[in-house]
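Undergrad: Pasting a structure here, questions to come.
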Amino acid sequence: MWLGHRHPGLSIFAFGRWFEFLLLVIAVTLLIGSLWVCSAAVRVLGKQWSLQARVLEGHKLIREGPYRFVRHPIYTGMLGMLIATGLVYSHWVAFVAALALYGVGTAIRVRSEEKLLREQFGAAFDDYKRRVPAVVPVKF
């Protein structure tokens, strides 16, 4: 996304200055909300949080905080930050490419993490998965 930046003063959509300001307000709001979601998720996970997908001894299935709304709120926050950056900085082609790469990479990571959680928590995780969407807080 950073490689495909647009020229300064050029909007991702050509609807005028008022629209560029509106996109900036949306992007800043999205960025603040995304940072909050990520920090809340890490705080709720506590010592269970790790860069590496793993299950610890005594690991608990977390379903509170942002985990009530999505199973992977850190990835939700990362998506929000990606969208905020794209709205403010990127050319639309780079923005679409970045979203596609993010989607593929996140799907791979979610699949591997959920395999570990399913092995550890079985039916409890399956029930949680049925009720709560993975990354985007809307069921499709």
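Chain identifiers are assigned as A, B, and so on, following the order in which chains appear in the structure tokens; residues are numbered from 1 within each chain, and ligands are numbered from 1 in order of appearance.
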Can you list, as a PDB file with N, CA and C atoms, in the first residue's frame, every protein, DNA or RNA residue that comes within 7 Å of region 17-31 of chain A when you count only C-alpha atoms, leaving out same-chain residues fewer than 3 positions away?

TA:
```pdb
ATOM      1  N   SER A  11      -7.287  13.146  -4.241  1.00  0.00           N
ATOM      2  CA  SER A  11      -8.149  12.280  -3.446  1.00  0.00           C
ATOM      3  C   SER A  11      -8.242  10.895  -4.070  1.00  0.00           C
ATOM      4  N   SER A  34      -9.596   1.522  15.734  1.00  0.00           N
ATOM      5  CA  SER A  34      -8.804   0.318  15.472  1.00  0.00           C
ATOM      6  C   SER A  34      -7.721   0.119  16.516  1.00  0.00           C
ATOM      7  N   LEU A  35      -7.058   1.207  16.889  1.00  0.00           N
ATOM      8  CA  LEU A  35      -6.041   1.118  17.940  1.00  0.00           C
ATOM      9  C   LEU A  35      -6.660   0.698  19.270  1.00  0.00           C
ATOM     10  N   GLY A  80      -8.863  -2.187  10.039  1.00  0.00           N
ATOM     11  CA  GLY A  80      -9.272  -0.787  10.162  1.00  0.00           C
ATOM     12  C   GLY A  80      -8.126   0.171   9.885  1.00  0.00           C
ATOM     13  N   MET A  81      -6.938  -0.146  10.405  1.00  0.00           N
ATOM     14  CA  MET A  81      -5.772   0.700  10.154  1.00  0.00           C
ATOM     15  C   MET A  81      -5.384   0.680   8.681  1.00  0.00           C
ATOM     16  N   ALA A  84      -7.925   2.879   6.895  1.00  0.00           N
ATOM     17  CA  ALA A  84      -7.656   4.293   7.195  1.00  0.00           C
ATOM     18  C   ALA A  84      -6.467   4.801   6.378  1.00  0.00           C
ATOM     19  N   LEU A  87      -7.438   5.169   2.652  1.00  0.00           N
ATOM     20  CA  LEU A  87      -8.286   6.329   2.363  1.00  0.00           C
ATOM     21  C   LEU A  87      -7.498   7.634   2.304  1.00  0.00           C
ATOM     22  N   VAL A  88      -6.458   7.724   3.101  1.00  0.00           N
ATOM     23  CA  VAL A  88      -5.696   8.972   3.192  1.00  0.00           C
ATOM     24  C   VAL A  88      -4.509   9.010   2.237  1.00  0.00           C
TER      25      VAL A  88
END
```

Undergrad: As an NGL selection string, please: the residues near Ala100 (chain A) (cut-off 12 Å, only C-alpha atoms, same-chain neighbours under 5 positions excluded).

TA: :A and (1 or 79 or 82-83 or 93-95 or 105-107)

Undergrad: Using N, CA and C atoms, can you export the residues from the last selection as a tab-separated table (two decimals), in the first residue's frame?

TA:
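out09.tsv was written with the following content:
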```tsv
chain	number	residue	atom	x	y	z
A	1	MET	N	0.81	-1.18	0.00
A	1	MET	CA	0.00	0.00	0.00
A	1	MET	C	0.87	1.26	0.00
A	79	LEU	N	-7.18	-4.41	10.08
A	79	LEU	CA	-7.95	-4.10	8.87
A	79	LEU	C	-8.40	-2.64	8.90
A	82	LEU	N	-5.50	-0.48	8.05
A	82	LEU	CA	-5.20	-0.59	6.62
A	82	LEU	C	-6.17	0.27	5.81
A	83	ILE	N	-7.45	0.20	6.14
A	83	ILE	CA	-8.45	1.00	5.42
A	83	ILE	C	-8.21	2.49	5.65
A	93	VAL	N	-5.61	1.57	-6.77
A	93	VAL	CA	-5.12	0.27	-7.23
A	93	VAL	C	-4.30	-0.40	-6.11
A	94	ALA	N	-3.41	0.37	-5.49
A	94	ALA	CA	-2.60	-0.17	-4.39
A	94	ALA	C	-3.49	-0.52	-3.21
A	95	PHE	N	-4.52	0.27	-2.98
A	95	PHE	CA	-5.45	0.04	-1.88
A	95	PHE	C	-6.17	-1.30	-2.07
A	105	GLY	N	-3.68	-13.29	3.56
A	105	GLY	CA	-2.81	-13.54	4.70
A	105	GLY	C	-3.57	-13.77	5.99
A	106	THR	N	-4.61	-12.99	6.21
A	106	THR	CA	-5.41	-13.13	7.42
A	106	THR	C	-6.19	-14.44	7.41
A	107	ALA	N	-6.71	-14.82	6.26
A	107	ALA	CA	-7.43	-16.10	6.17
A	107	ALA	C	-6.51	-17.27	6.53
```

Undergrad: Could you check which of A:Leu61, A:Val138, A:Tyr75, A:Tyr89 is closest to Asp126 (chain A), using only C-alpha atoms?

TA: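 Ranking A:Leu61, A:Val138, A:Tyr75, A:Tyr89 by distance to Asp126 (chain A), first place goes to A:Leu61.
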
Undergrad: Can you pull out every residue within 8 Å of Pro133 (chain A), counting only C-alpha atoms, but drop anything in the same chain fewer than 5 positions away, and send it as a list in words?

TA: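 Close residues of Pro133 (chain A): Phe69, Val70, Arg71, Val138 and Lys139 of chain A.
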
Undergrad: Take the residues from that selection and put them in a file with N, CA and C atoms, as a short mmCIF file (atom, residue, chain, number, x, y, z; two decimals), in the first residue's frame.

TA:
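Done, and the output landed in part_14.cif:
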```cif
data_model
loop_
_atom_site.label_atom_id
_atom_site.label_comp_id
_atom_site.auth_asym_id
_atom_site.auth_seq_id
_atom_site.Cartn_x
_atom_site.Cartn_y
_atom_site.Cartn_z
N PHE A 69 -17.57 -9.74 19.96
CA PHE A 69 -18.05 -9.28 18.65
C PHE A 69 -17.35 -9.94 17.47
N VAL A 70 -16.07 -10.26 17.64
CA VAL A 70 -15.29 -10.96 16.60
C VAL A 70 -14.32 -11.91 17.28
N ARG A 71 -14.00 -13.01 16.60
CA ARG A 71 -13.07 -13.98 17.17
C ARG A 71 -11.63 -13.53 17.11
N VAL A 138 -19.77 -8.51 11.29
CA VAL A 138 -21.07 -8.68 10.65
C VAL A 138 -21.09 -10.08 10.06
N LYS A 139 -22.14 -10.83 10.34
CA LYS A 139 -22.27 -12.15 9.72
C LYS A 139 -22.82 -12.00 8.31
#
```

Undergrad: DSSP on the backbone: what in region 13-61 of chain A comes out helix (DSSP H, G or I), as a PyMOL selection string?

TA: chain A and resi 17-48

Undergrad: Pull N, CA and C atoms from the residues just selected and write them as a short mmCIF file (atom, residue, chain, number, x, y, z; two decimals), in the first residue's frame.

TA:
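As a result, part26.cif now contains:
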```cif
data_model
loop_
_atom_site.label_atom_id
_atom_site.label_comp_id
_atom_site.auth_asym_id
_atom_site.auth_seq_id
_atom_site.Cartn_x
_atom_site.Cartn_y
_atom_site.Cartn_z
N ARG A 17 -12.92 18.86 -2.41
CA ARG A 17 -12.23 19.07 -1.13
C ARG A 17 -13.08 18.66 0.07
N TRP A 18 -14.37 18.93 0.03
CA TRP A 18 -15.24 18.57 1.17
C TRP A 18 -15.22 17.07 1.39
N PHE A 19 -15.19 16.32 0.31
CA PHE A 19 -15.18 14.86 0.42
C PHE A 19 -13.83 14.38 0.95
N GLU A 20 -12.75 15.03 0.54
CA GLU A 20 -11.42 14.69 1.05
C GLU A 20 -11.36 14.91 2.56
N PHE A 21 -11.95 16.01 3.03
CA PHE A 21 -12.00 16.29 4.46
C PHE A 21 -12.83 15.22 5.18
N LEU A 22 -13.94 14.84 4.61
CA LEU A 22 -14.79 13.80 5.20
C LEU A 22 -14.02 12.48 5.29
N LEU A 23 -13.28 12.11 4.25
CA LEU A 23 -12.46 10.90 4.28
C LEU A 23 -11.40 10.97 5.36
N LEU A 24 -10.82 12.14 5.55
CA LEU A 24 -9.82 12.32 6.60
C LEU A 24 -10.45 12.11 7.99
N VAL A 25 -11.62 12.67 8.21
CA VAL A 25 -12.32 12.48 9.49
C VAL A 25 -12.66 11.01 9.70
N ILE A 26 -13.14 10.35 8.66
CA ILE A 26 -13.45 8.92 8.74
C ILE A 26 -12.19 8.12 9.05
N ALA A 27 -11.10 8.44 8.36
CA ALA A 27 -9.85 7.71 8.54
C ALA A 27 -9.30 7.88 9.96
N VAL A 28 -9.33 9.09 10.49
CA VAL A 28 -8.82 9.33 11.84
C VAL A 28 -9.69 8.60 12.86
N THR A 29 -11.00 8.66 12.68
CA THR A 29 -11.92 7.95 13.58
C THR A 29 -11.68 6.45 13.51
N LEU A 30 -11.52 5.94 12.31
CA LEU A 30 -11.26 4.51 12.12
C LEU A 30 -9.92 4.11 12.74
N LEU A 31 -8.92 4.95 12.60
CA LEU A 31 -7.62 4.66 13.18
C LEU A 31 -7.69 4.62 14.71
N ILE A 32 -8.34 5.59 15.31
CA ILE A 32 -8.47 5.61 16.77
C ILE A 32 -9.25 4.39 17.26
N GLY A 33 -10.37 4.09 16.60
CA GLY A 33 -11.15 2.91 16.97
C GLY A 33 -10.37 1.62 16.80
N SER A 34 -9.60 1.52 15.73
CA SER A 34 -8.80 0.32 15.47
C SER A 34 -7.72 0.12 16.52
N LEU A 35 -7.06 1.21 16.89
CA LEU A 35 -6.04 1.12 17.94
C LEU A 35 -6.66 0.70 19.27
N TRP A 36 -7.84 1.21 19.55
CA TRP A 36 -8.54 0.84 20.79
C TRP A 36 -8.89 -0.65 20.78
N VAL A 37 -9.42 -1.14 19.66
CA VAL A 37 -9.79 -2.55 19.55
C VAL A 37 -8.57 -3.45 19.75
N CYS A 38 -7.46 -3.10 19.10
CA CYS A 38 -6.24 -3.91 19.25
C CYS A 38 -5.75 -3.91 20.70
N SER A 39 -5.70 -2.74 21.31
CA SER A 39 -5.20 -2.68 22.69
C SER A 39 -6.15 -3.38 23.66
N ALA A 40 -7.44 -3.26 23.44
CA ALA A 40 -8.41 -3.96 24.30
C ALA A 40 -8.27 -5.47 24.16
N ALA A 41 -8.05 -5.94 22.94
CA ALA A 41 -7.90 -7.38 22.71
C ALA A 41 -6.63 -7.91 23.38
N VAL A 42 -5.54 -7.20 23.26
CA VAL A 42 -4.29 -7.62 23.89
C VAL A 42 -4.44 -7.60 25.41
N ARG A 43 -5.11 -6.59 25.93
CA ARG A 43 -5.32 -6.48 27.37
C ARG A 43 -6.16 -7.66 27.89
N VAL A 44 -7.22 -8.02 27.18
CA VAL A 44 -8.08 -9.13 27.61
C VAL A 44 -7.32 -10.46 27.53
N LEU A 45 -6.51 -10.63 26.50
CA LEU A 45 -5.74 -11.87 26.37
C LEU A 45 -4.68 -12.02 27.46
N GLY A 46 -4.13 -10.92 27.87
CA GLY A 46 -3.10 -10.97 28.91
C GLY A 46 -1.91 -11.81 28.49
N LYS A 47 -1.51 -12.76 29.33
CA LYS A 47 -0.33 -13.59 29.07
C LYS A 47 -0.55 -14.59 27.94
N GLN A 48 -1.78 -14.76 27.50
CA GLN A 48 -2.05 -15.67 26.39
C GLN A 48 -1.69 -15.06 25.04
#
```

Undergrad: Can you work out which one of A:Leu101, A:Glu113, A:Ala124, A:Ile108 has the shortest atom-to-atom distance to Ser50 (chain A), counting only C-alpha atoms?

TA: A:Glu113
